[in-house]
Amino acid sequence: MVYETGNRTVDEAVATVLAGGELDRTEALALIAQPVDVLAPAADAVRAHFGDDTVDACSIVNAKAGNCAEDCGFCAQSVHFDTGIDTYGLLDPDRILAAAKRAERDGAQRFGIVVAEKGVSKEQRPAEWADVIRAIRLVRDETAVEVDASLGILTEEEAEILAEEGIEHYNHNIETAPRYFPEIVSTHSFEDRVKTLERAKAAGMDLCAGVILGMGEAPTDRVDAALALRDIGISSLPVNVLNPVAGTSLGDEFGESAAITSTEIIETIAVYRLLHPRARVRLTGGREVNLDRDEQHRPFEAGADGILTGDYLTTEGQSPGDDLEIVERAGLRPNMAANEFDPEAVKSRAGADDDDEEATTAAGSATSNAEMSD
């Protein structure tokens, strides 16, 4: 395949990637400075070459909310900030299963069990660990979705157990570049996160690890974060955009929206596609706040091929039906490899109230600054 735009920087990068090569830091930094109307379609051509024109949907449950001792500046669940969110201990495994069944009904291919704390500890909290394992087994045995987990820092033994229980992907975001990480978190290090990812990978799990854009980082940090993820070896790259939550340190600093423009979001996703040609580049939290509804298809025209659908951990998302319409507007179709759902039925429920109390968690209990200004 030959792809030519007339832009030498972009054309040479695409040629390198299509030939199986890797771009270096100098090339990636040059790319992120190119015009978005040239860069985005080039990245999408790379996606089409290595992919199958489908968008993979995942969904999550906030299985344990709040009271986290870490001080991540973006997080409404940290005890260091007064955000007024709903807090609770680990959900009963049957409630986690109910959330998984709802995600399956709404078209998710994979379902993530997420716990807000430094790490679920088999040794320190054995009863909680046992409930997590029971929840994994229930979702694995009673749904068609693939089971993922985001349980914080892991020991080697814990990683091996999770792999044996059938966890497909382990999620542990690096959040930002190594240089900028101390500006966001002080209670643990960038290296702590990398070690957990390495343990998960060594145990046999695929890795889902990504970033949050718009936290005050420079474009060079966005590139360096993607390069760090490439060194780690990921298969799914979630791209969050900061949704500033009232009461958090970044919410107080940035106000209603992230420190990034919509054009910069698209450019970054395009560069991430070129640096990770075979990964699922997944549009996740914060897109509704930082991209207008009529812009949300643009990341999927710039190389993205994954989405987190439904609600987030403490903030509400838009409906899965709305997400499907955005995917289709980009000329793509939903992935049905794991879950052969009915897209029209999902779209017909768009905007409808969901009174499934057994599946609800803390989603919607955090107040973003954007909501406060409405």
# chains A, B, ... in the order shown; residues from 1 in each chain; ligands from 1
$ select_by_dssp --residues "stretch 78-229 of chain A" --states "helix (DSSP H, G or I)" --output "PyMOL selection string"
chain A and resi 93-105+126-142+156-164+181-184+190-203+219-229
$ closest_atom_pairs --of "stretch 91-156 of chain A" --to "stretch 188-192 of chain A" --cutoff "12 Å" --atoms "only C-alpha atoms" --output "CSV"
residue,atom,partner,partner_atom,distance
A:Glu117,CA,A:His188,CA,11.8
A:Lys118,CA,A:His188,CA,8.8
A:Gly119,CA,A:Asp192,CA,11.3
A:Gly152,CA,A:Asp192,CA,10.1
A:Ile153,CA,A:Asp192,CA,7.6
A:Leu154,CA,A:Asp192,CA,9.8
A:Thr155,CA,A:Asp192,CA,11.2
$ write_last_selection --atoms "all heavy atoms" --output "PDB file, in the first residue's frame"
ATOM      1  N   GLU A 117      -8.372   1.923  44.584  1.00  0.00           N
ATOM      2  CA  GLU A 117      -7.433   1.921  45.690  1.00  0.00           C
ATOM      3  C   GLU A 117      -6.064   1.569  45.139  1.00  0.00           C
ATOM      4  O   GLU A 117      -5.932   1.203  43.966  1.00  0.00           O
ATOM      5  CB  GLU A 117      -7.842   0.935  46.783  1.00  0.00           C
ATOM      6  CG  GLU A 117      -7.940  -0.510  46.331  1.00  0.00           C
ATOM      7  CD  GLU A 117      -8.470  -1.403  47.451  1.00  0.00           C
ATOM      8  OE1 GLU A 117      -8.410  -0.993  48.627  1.00  0.00           O
ATOM      9  OE2 GLU A 117      -8.953  -2.503  47.144  1.00  0.00           O
ATOM     10  N   LYS A 118      -5.040   1.680  45.973  1.00  0.00           N
ATOM     11  CA  LYS A 118      -3.684   1.412  45.491  1.00  0.00           C
ATOM     12  C   LYS A 118      -3.558  -0.009  44.977  1.00  0.00           C
ATOM     13  O   LYS A 118      -2.847  -0.266  44.014  1.00  0.00           O
ATOM     14  CB  LYS A 118      -2.664   1.669  46.595  1.00  0.00           C
ATOM     15  CG  LYS A 118      -1.231   1.570  46.112  1.00  0.00           C
ATOM     16  CD  LYS A 118      -0.242   2.034  47.159  1.00  0.00           C
ATOM     17  CE  LYS A 118       1.181   2.043  46.615  1.00  0.00           C
ATOM     18  NZ  LYS A 118       2.146   2.551  47.604  1.00  0.00           N
ATOM     19  N   GLY A 119      -4.250  -0.951  45.618  1.00  0.00           N
ATOM     20  CA  GLY A 119      -4.203  -2.324  45.152  1.00  0.00           C
ATOM     21  C   GLY A 119      -5.078  -3.221  46.013  1.00  0.00           C
ATOM     22  O   GLY A 119      -5.118  -3.071  47.235  1.00  0.00           O
ATOM     23  N   GLY A 152      -5.429  -2.094  40.624  1.00  0.00           N
ATOM     24  CA  GLY A 152      -4.299  -1.415  41.210  1.00  0.00           C
ATOM     25  C   GLY A 152      -3.022  -2.225  41.117  1.00  0.00           C
ATOM     26  O   GLY A 152      -2.869  -3.110  40.270  1.00  0.00           O
ATOM     27  N   ILE A 153      -2.107  -1.942  42.017  1.00  0.00           N
ATOM     28  CA  ILE A 153      -0.799  -2.583  42.013  1.00  0.00           C
ATOM     29  C   ILE A 153      -0.928  -4.054  42.398  1.00  0.00           C
ATOM     30  O   ILE A 153      -1.645  -4.404  43.333  1.00  0.00           O
ATOM     31  CB  ILE A 153       0.151  -1.832  42.953  1.00  0.00           C
ATOM     32  CG1 ILE A 153       0.487  -0.464  42.344  1.00  0.00           C
ATOM     33  CG2 ILE A 153       1.419  -2.619  43.230  1.00  0.00           C
ATOM     34  CD1 ILE A 153       1.284   0.446  43.244  1.00  0.00           C
ATOM     35  N   LEU A 154      -0.226  -4.924  41.662  1.00  0.00           N
ATOM     36  CA  LEU A 154      -0.295  -6.367  41.863  1.00  0.00           C
ATOM     37  C   LEU A 154       1.048  -6.937  42.295  1.00  0.00           C
ATOM     38  O   LEU A 154       2.104  -6.454  41.886  1.00  0.00           O
ATOM     39  CB  LEU A 154      -0.690  -7.073  40.571  1.00  0.00           C
ATOM     40  CG  LEU A 154      -2.058  -6.798  39.956  1.00  0.00           C
ATOM     41  CD1 LEU A 154      -2.185  -7.546  38.645  1.00  0.00           C
ATOM     42  CD2 LEU A 154      -3.182  -7.174  40.909  1.00  0.00           C
ATOM     43  N   THR A 155       0.983  -8.008  43.080  1.00  0.00           N
ATOM     44  CA  THR A 155       2.156  -8.840  43.304  1.00  0.00           C
ATOM     45  C   THR A 155       2.230  -9.871  42.180  1.00  0.00           C
ATOM     46  O   THR A 155       1.265 -10.053  41.414  1.00  0.00           O
ATOM     47  CB  THR A 155       2.064  -9.578  44.645  1.00  0.00           C
ATOM     48  OG1 THR A 155       0.958 -10.503  44.594  1.00  0.00           O
ATOM     49  CG2 THR A 155       1.857  -8.607  45.792  1.00  0.00           C
TER      50      THR A 155
END
$ closest_residue --among "A:Glu267, A:Glu253, A:Glu328, A:Asp206" --to "A:Phe74" --atoms "only C-alpha atoms"
A:Glu253
$ closest_atom_pairs --of "stretch 37-61 of chain A" --to "stretch 109-115 of chain A" --cutoff "8 Å" --atoms "only C-alpha atoms" --output "tab-separated table"
residue	atom	partner	partner_atom	distance
A:Asp56	CA	A:Gln109	CA	6.5
A:Ala57	CA	A:Gln109	CA	5.5
A:Cys58	CA	A:Arg110	CA	4.7
A:Ser59	CA	A:Phe111	CA	5.0
A:Ile60	CA	A:Gly112	CA	4.5
A:Val61	CA	A:Ile113	CA	5.5
$ write_last_selection --atoms "C-alpha atoms" --output "PDB file, in the first residue's frame"
ATOM      1  CA  ASP A  56     -14.423  -2.454  20.041  1.00  0.00           C
ATOM      2  CA  ALA A  57     -16.602  -1.375  22.959  1.00  0.00           C
ATOM      3  CA  CYS A  58     -15.731  -1.958  26.603  1.00  0.00           C
ATOM      4  CA  SER A  59     -17.669  -1.086  29.744  1.00  0.00           C
ATOM      5  CA  ILE A  60     -16.680  -0.870  33.408  1.00  0.00           C
ATOM      6  CA  VAL A  61     -18.119  -1.095  36.898  1.00  0.00           C
TER       7      VAL A  61
END
$ residues_around --residues "stretch 15-29 of chain A" --least-positions-apart "2" --cutoff "12 Å" --atoms "only C-alpha atoms" --output "NGL selection string"
:A and (1-5 or 8-13 or 31-34 or 39 or 42-43 or 45-50 or 218-228 or 230-231 or 267-278)
$ write_last_selection --atoms "C-alpha atoms" --output "PDB file, in the first residue's frame"
ATOM      1  CA  MET A   1       0.000   0.000   0.000  1.00  0.00           C
ATOM      2  CA  VAL A   2       1.280   3.463  -0.939  1.00  0.00           C
ATOM      3  CA  TYR A   3      -0.189   6.451   0.882  1.00  0.00           C
ATOM      4  CA  GLU A   4       0.706   9.929  -0.302  1.00  0.00           C
ATOM      5  CA  THR A   5      -0.497  13.286   0.963  1.00  0.00           C
ATOM      6  CA  ARG A   8       6.769  14.569   3.425  1.00  0.00           C
ATOM      7  CA  THR A   9       6.799  14.138   7.199  1.00  0.00           C
ATOM      8  CA  VAL A  10       3.461  12.347   7.220  1.00  0.00           C
ATOM      9  CA  ASP A  11       4.116  10.293   4.074  1.00  0.00           C
ATOM     10  CA  GLU A  12       7.476   9.012   5.293  1.00  0.00           C
ATOM     11  CA  ALA A  13       5.999   8.100   8.677  1.00  0.00           C
ATOM     12  CA  LEU A  31       4.206  14.374  13.364  1.00  0.00           C
ATOM     13  CA  ILE A  32       2.314  15.973  16.238  1.00  0.00           C
ATOM     14  CA  ALA A  33       3.155  19.401  14.736  1.00  0.00           C
ATOM     15  CA  GLN A  34       1.585  18.556  11.349  1.00  0.00           C
ATOM     16  CA  LEU A  39      -2.393  13.776   9.856  1.00  0.00           C
ATOM     17  CA  ALA A  42      -3.114   9.247   7.255  1.00  0.00           C
ATOM     18  CA  ALA A  43      -3.500   7.671  10.689  1.00  0.00           C
ATOM     19  CA  ALA A  45      -5.314   4.678   6.633  1.00  0.00           C
ATOM     20  CA  VAL A  46      -2.892   2.891   8.950  1.00  0.00           C
ATOM     21  CA  ARG A  47      -5.805   1.744  11.128  1.00  0.00           C
ATOM     22  CA  ALA A  48      -7.622   0.411   8.073  1.00  0.00           C
ATOM     23  CA  HIS A  49      -4.499  -1.411   6.880  1.00  0.00           C
ATOM     24  CA  PHE A  50      -3.933  -3.278  10.139  1.00  0.00           C
ATOM     25  CA  ALA A 218       3.197  19.498  26.929  1.00  0.00           C
ATOM     26  CA  PRO A 219       2.785  17.889  23.494  1.00  0.00           C
ATOM     27  CA  THR A 220       6.201  16.315  24.033  1.00  0.00           C
ATOM     28  CA  ASP A 221       4.822  14.595  27.151  1.00  0.00           C
ATOM     29  CA  ARG A 222       1.944  13.157  25.114  1.00  0.00           C
ATOM     30  CA  VAL A 223       4.449  11.666  22.703  1.00  0.00           C
ATOM     31  CA  ASP A 224       6.705  10.390  25.481  1.00  0.00           C
ATOM     32  CA  ALA A 225       3.768   8.694  27.186  1.00  0.00           C
ATOM     33  CA  ALA A 226       2.920   6.827  23.979  1.00  0.00           C
ATOM     34  CA  LEU A 227       6.548   5.773  23.562  1.00  0.00           C
ATOM     35  CA  ALA A 228       6.645   4.508  27.156  1.00  0.00           C
ATOM     36  CA  ARG A 230       5.150   1.007  23.366  1.00  0.00           C
ATOM     37  CA  ASP A 231       8.177  -0.022  25.397  1.00  0.00           C
ATOM     38  CA  GLU A 267      -3.762  15.118  16.537  1.00  0.00           C
ATOM     39  CA  THR A 268      -2.668  13.146  19.587  1.00  0.00           C
ATOM     40  CA  ILE A 269      -4.909  10.195  18.751  1.00  0.00           C
ATOM     41  CA  ALA A 270      -3.539  10.175  15.200  1.00  0.00           C
ATOM     42  CA  VAL A 271       0.047  10.089  16.459  1.00  0.00           C
ATOM     43  CA  TYR A 272      -0.859   7.328  18.937  1.00  0.00           C
ATOM     44  CA  ARG A 273      -2.214   5.282  16.044  1.00  0.00           C
ATOM     45  CA  LEU A 274       1.011   5.705  14.103  1.00  0.00           C
ATOM     46  CA  LEU A 275       3.076   4.739  17.162  1.00  0.00           C
ATOM     47  CA  HIS A 276       0.758   1.799  17.979  1.00  0.00           C
ATOM     48  CA  PRO A 277      -0.451   0.543  14.596  1.00  0.00           C
ATOM     49  CA  ARG A 278      -1.836  -2.761  15.883  1.00  0.00           C
TER      50      ARG A 278
END
$ closest_atom_pairs --of "stretch 71-90 of chain A" --to "stretch 178-185 of chain A" --cutoff "8 Å" --atoms "only C-alpha atoms" --output "JSON lines"
{"residue": "A:Asp71", "atom": "CA", "partner": "A:Val185", "partner_atom": "CA", "distance": 5.8}
{"residue": "A:Cys72", "atom": "CA", "partner": "A:Val185", "partner_atom": "CA", "distance": 4.7}
{"residue": "A:Gly73", "atom": "CA", "partner": "A:Ile184", "partner_atom": "CA", "distance": 5.3}
{"residue": "A:Phe74", "atom": "CA", "partner": "A:Ile184", "partner_atom": "CA", "distance": 7.6}
$ write_last_selection --atoms "C-alpha atoms" --output "PDB file, in the first residue's frame"
ATOM      1  CA  ASP A  71      -3.442  11.624  45.751  1.00  0.00           C
ATOM      2  CA  CYS A  72      -3.927  11.481  41.955  1.00  0.00           C
ATOM      3  CA  GLY A  73      -4.867  15.074  41.131  1.00  0.00           C
ATOM      4  CA  PHE A  74      -7.620  14.161  38.689  1.00  0.00           C
TER       5      PHE A  74
END
$ residues_around --residues "A:Ser235" --least-positions-apart "4" --cutoff "12 Å" --atoms "only C-alpha atoms" --output "PyMOL selection string"
chain A and resi 168-171+197+201+205-210+229-231+273+276-282+306
$ residues_around --residues "A:Ala144" --least-positions-apart "6" --cutoff "9 Å" --atoms "only C-alpha atoms" --output "list in words"
Lys101, Glu104, Gln109, Arg110, Ala338, Asn339 and Glu340 of chain A
$ write_last_selection --atoms "all heavy atoms" --output "short mmCIF file (atom, residue, chain, number, x, y, z; two decimals), in the first residue's frame"
data_model
loop_
_atom_site.label_atom_id
_atom_site.label_comp_id
_atom_site.auth_asym_id
_atom_site.auth_seq_id
_atom_site.Cartn_x
_atom_site.Cartn_y
_atom_site.Cartn_z
N LYS A 101 -23.98 -7.90 32.89
CA LYS A 101 -25.09 -8.27 32.00
C LYS A 101 -25.68 -7.05 31.31
O LYS A 101 -26.08 -7.12 30.14
CB LYS A 101 -26.17 -9.02 32.80
CG LYS A 101 -25.74 -10.42 33.20
CD LYS A 101 -26.85 -11.16 33.95
CE LYS A 101 -26.45 -12.60 34.22
NZ LYS A 101 -27.51 -13.35 34.97
N GLU A 104 -23.27 -6.21 28.57
CA GLU A 104 -23.44 -7.15 27.46
C GLU A 104 -24.66 -6.77 26.61
O GLU A 104 -24.60 -6.75 25.38
CB GLU A 104 -23.60 -8.56 28.02
CG GLU A 104 -23.79 -9.64 26.97
CD GLU A 104 -23.94 -11.01 27.59
OE1 GLU A 104 -24.60 -11.11 28.66
OE2 GLU A 104 -23.43 -11.98 27.01
N GLN A 109 -17.98 -5.52 24.28
CA GLN A 109 -17.23 -6.74 23.99
C GLN A 109 -16.44 -7.21 25.19
O GLN A 109 -16.12 -8.39 25.31
CB GLN A 109 -16.26 -6.47 22.83
CG GLN A 109 -16.96 -6.15 21.52
CD GLN A 109 -17.74 -7.34 21.00
OE1 GLN A 109 -17.18 -8.34 20.60
NE2 GLN A 109 -19.06 -7.25 21.03
N ARG A 110 -16.11 -6.27 26.06
CA ARG A 110 -15.34 -6.61 27.25
C ARG A 110 -15.86 -5.79 28.42
O ARG A 110 -16.42 -4.71 28.24
CB ARG A 110 -13.85 -6.42 27.02
CG ARG A 110 -13.42 -5.04 26.52
CD ARG A 110 -11.93 -5.01 26.22
NE ARG A 110 -11.58 -5.87 25.10
CZ ARG A 110 -10.97 -7.05 25.18
NH1 ARG A 110 -10.59 -7.51 26.35
NH2 ARG A 110 -10.72 -7.75 24.12
N ALA A 338 -17.06 -10.99 20.32
CA ALA A 338 -17.37 -11.65 21.59
C ALA A 338 -18.84 -11.60 21.93
O ALA A 338 -19.36 -12.47 22.63
CB ALA A 338 -16.56 -11.03 22.73
N ASN A 339 -19.55 -10.59 21.43
CA ASN A 339 -20.92 -10.34 21.84
C ASN A 339 -21.76 -9.95 20.63
O ASN A 339 -21.67 -8.83 20.14
CB ASN A 339 -20.94 -9.23 22.90
CG ASN A 339 -22.35 -8.87 23.35
OD1 ASN A 339 -23.30 -9.59 23.08
ND2 ASN A 339 -22.47 -7.74 24.04
N GLU A 340 -22.55 -10.88 20.13
CA GLU A 340 -23.39 -10.61 18.96
C GLU A 340 -24.71 -9.98 19.41
O GLU A 340 -25.74 -10.64 19.51
CB GLU A 340 -23.62 -11.90 18.17
CG GLU A 340 -22.36 -12.47 17.55
CD GLU A 340 -22.64 -13.65 16.65
OE1 GLU A 340 -23.83 -13.99 16.46
OE2 GLU A 340 -21.67 -14.24 16.14
#
$ select_by_dssp --residues "stretch 174-325 of chain A" --states "strand (DSSP E or B)" --output "count of residues only"
21
$ atom_distance --atom1 "atom CA of A:Glu325" --atom2 "atom CA of A:Gly214"
25.9 Å
$ atom_distance --atom1 "atom CA of A:Phe341" --atom2 "atom CA of A:Arg102"
11.7 Å
$ closest_residue --among "A:Asp37, A:Asp92, A:Glu164, A:Glu156" --to "A:Ala202" --atoms "only C-alpha atoms"
A:Glu156
$ closest_residue --among "A:Glu165, A:Glu175, A:Glu371, A:Asp44" --to "A:Ala130" --atoms "only C-alpha atoms"
A:Glu165
$ closest_residue --among "A:Val55, A:Ala69, A:Ala259, A:Val132" --to "A:Ala337" --atoms "only C-alpha atoms"
A:Val55
$ decode --residues "stretch 280-358 of chain A" --atoms "C-alpha atoms" --output "CSV table (one decimal), in the first residue's frame"
chain,number,residue,atom,x,y,z
A,280,ARG,CA,-6.9,-0.7,20.0
A,281,VAL,CA,-6.7,3.0,20.4
A,282,ARG,CA,-9.7,3.6,22.6
A,283,LEU,CA,-11.6,6.8,23.2
A,284,THR,CA,-12.6,6.8,26.9
A,285,GLY,CA,-13.5,9.3,29.6
A,286,GLY,CA,-13.9,13.0,29.2
A,287,ARG,CA,-14.8,13.1,25.5
A,288,GLU,CA,-18.3,14.4,26.2
A,289,VAL,CA,-16.9,17.4,28.1
A,290,ASN,CA,-14.1,18.2,25.7
A,291,LEU,CA,-15.6,17.3,22.3
A,292,ASP,CA,-18.9,18.7,21.1
A,293,ARG,CA,-21.4,16.0,20.0
A,294,ASP,CA,-20.9,16.8,16.4
A,295,GLU,CA,-17.1,16.3,16.9
A,296,GLN,CA,-17.1,13.0,18.7
A,297,HIS,CA,-16.8,11.0,15.4
A,298,ARG,CA,-13.5,12.7,14.5
A,299,PRO,CA,-11.2,10.5,16.7
A,300,PHE,CA,-12.6,7.5,14.7
A,301,GLU,CA,-11.6,9.3,11.5
A,302,ALA,CA,-8.1,9.7,13.0
A,303,GLY,CA,-7.2,6.1,13.8
A,304,ALA,CA,-9.2,5.3,17.0
A,305,ASP,CA,-11.0,1.9,16.9
A,306,GLY,CA,-12.1,1.4,20.5
A,307,ILE,CA,-14.5,3.1,22.9
A,308,LEU,CA,-15.5,2.9,26.6
A,309,THR,CA,-19.3,3.0,26.5
A,310,GLY,CA,-21.8,3.7,29.2
A,311,ASP,CA,-20.9,5.3,32.5
A,312,TYR,CA,-17.5,6.0,34.0
A,313,LEU,CA,-16.3,5.5,37.6
A,314,THR,CA,-17.9,8.5,39.2
A,315,THR,CA,-19.3,10.5,36.2
A,316,GLU,CA,-22.0,9.6,33.8
A,317,GLY,CA,-21.3,8.8,30.1
A,318,GLN,CA,-23.7,9.2,27.2
A,319,SER,CA,-25.9,6.2,26.2
A,320,PRO,CA,-24.4,3.2,24.3
A,321,GLY,CA,-26.9,4.0,21.6
A,322,ASP,CA,-25.5,7.4,21.1
A,323,ASP,CA,-22.0,5.9,21.0
A,324,LEU,CA,-23.1,3.5,18.3
A,325,GLU,CA,-24.4,6.4,16.2
A,326,ILE,CA,-21.0,8.2,16.5
A,327,VAL,CA,-19.2,5.1,15.4
A,328,GLU,CA,-21.4,4.7,12.4
A,329,ARG,CA,-21.1,8.3,11.5
A,330,ALA,CA,-17.3,7.7,11.1
A,331,GLY,CA,-18.0,4.9,8.6
A,332,LEU,CA,-17.2,2.1,11.0
A,333,ARG,CA,-19.2,-0.7,12.6
A,334,PRO,CA,-19.3,-2.2,16.1
A,335,ASN,CA,-17.2,-5.3,16.9
A,336,MET,CA,-19.2,-8.4,17.5
A,337,ALA,CA,-16.5,-10.9,18.0
A,338,ALA,CA,-17.4,-11.7,21.6
A,339,ASN,CA,-20.9,-10.3,21.8
A,340,GLU,CA,-23.4,-10.6,19.0
A,341,PHE,CA,-25.8,-8.0,20.2
A,342,ASP,CA,-28.6,-6.1,18.3
A,343,PRO,CA,-27.3,-2.6,17.5
A,344,GLU,CA,-30.8,-1.3,16.7
A,345,ALA,CA,-32.1,-2.4,20.0
A,346,VAL,CA,-29.3,-0.6,21.7
A,347,LYS,CA,-30.0,2.6,19.8
A,348,SER,CA,-33.7,2.3,20.6
A,349,ARG,CA,-32.8,2.6,24.3
A,350,ALA,CA,-30.7,5.7,23.8
A,351,GLY,CA,-31.7,8.4,26.3
A,352,ALA,CA,-34.1,6.0,28.2
A,353,ASP,CA,-33.9,5.9,32.0
A,354,ASP,CA,-32.2,2.8,33.4
A,355,ASP,CA,-33.9,1.7,36.6
A,356,ASP,CA,-31.7,-1.3,37.1
A,357,GLU,CA,-30.7,-0.6,40.7
A,358,GLU,CA,-28.8,-3.8,41.0
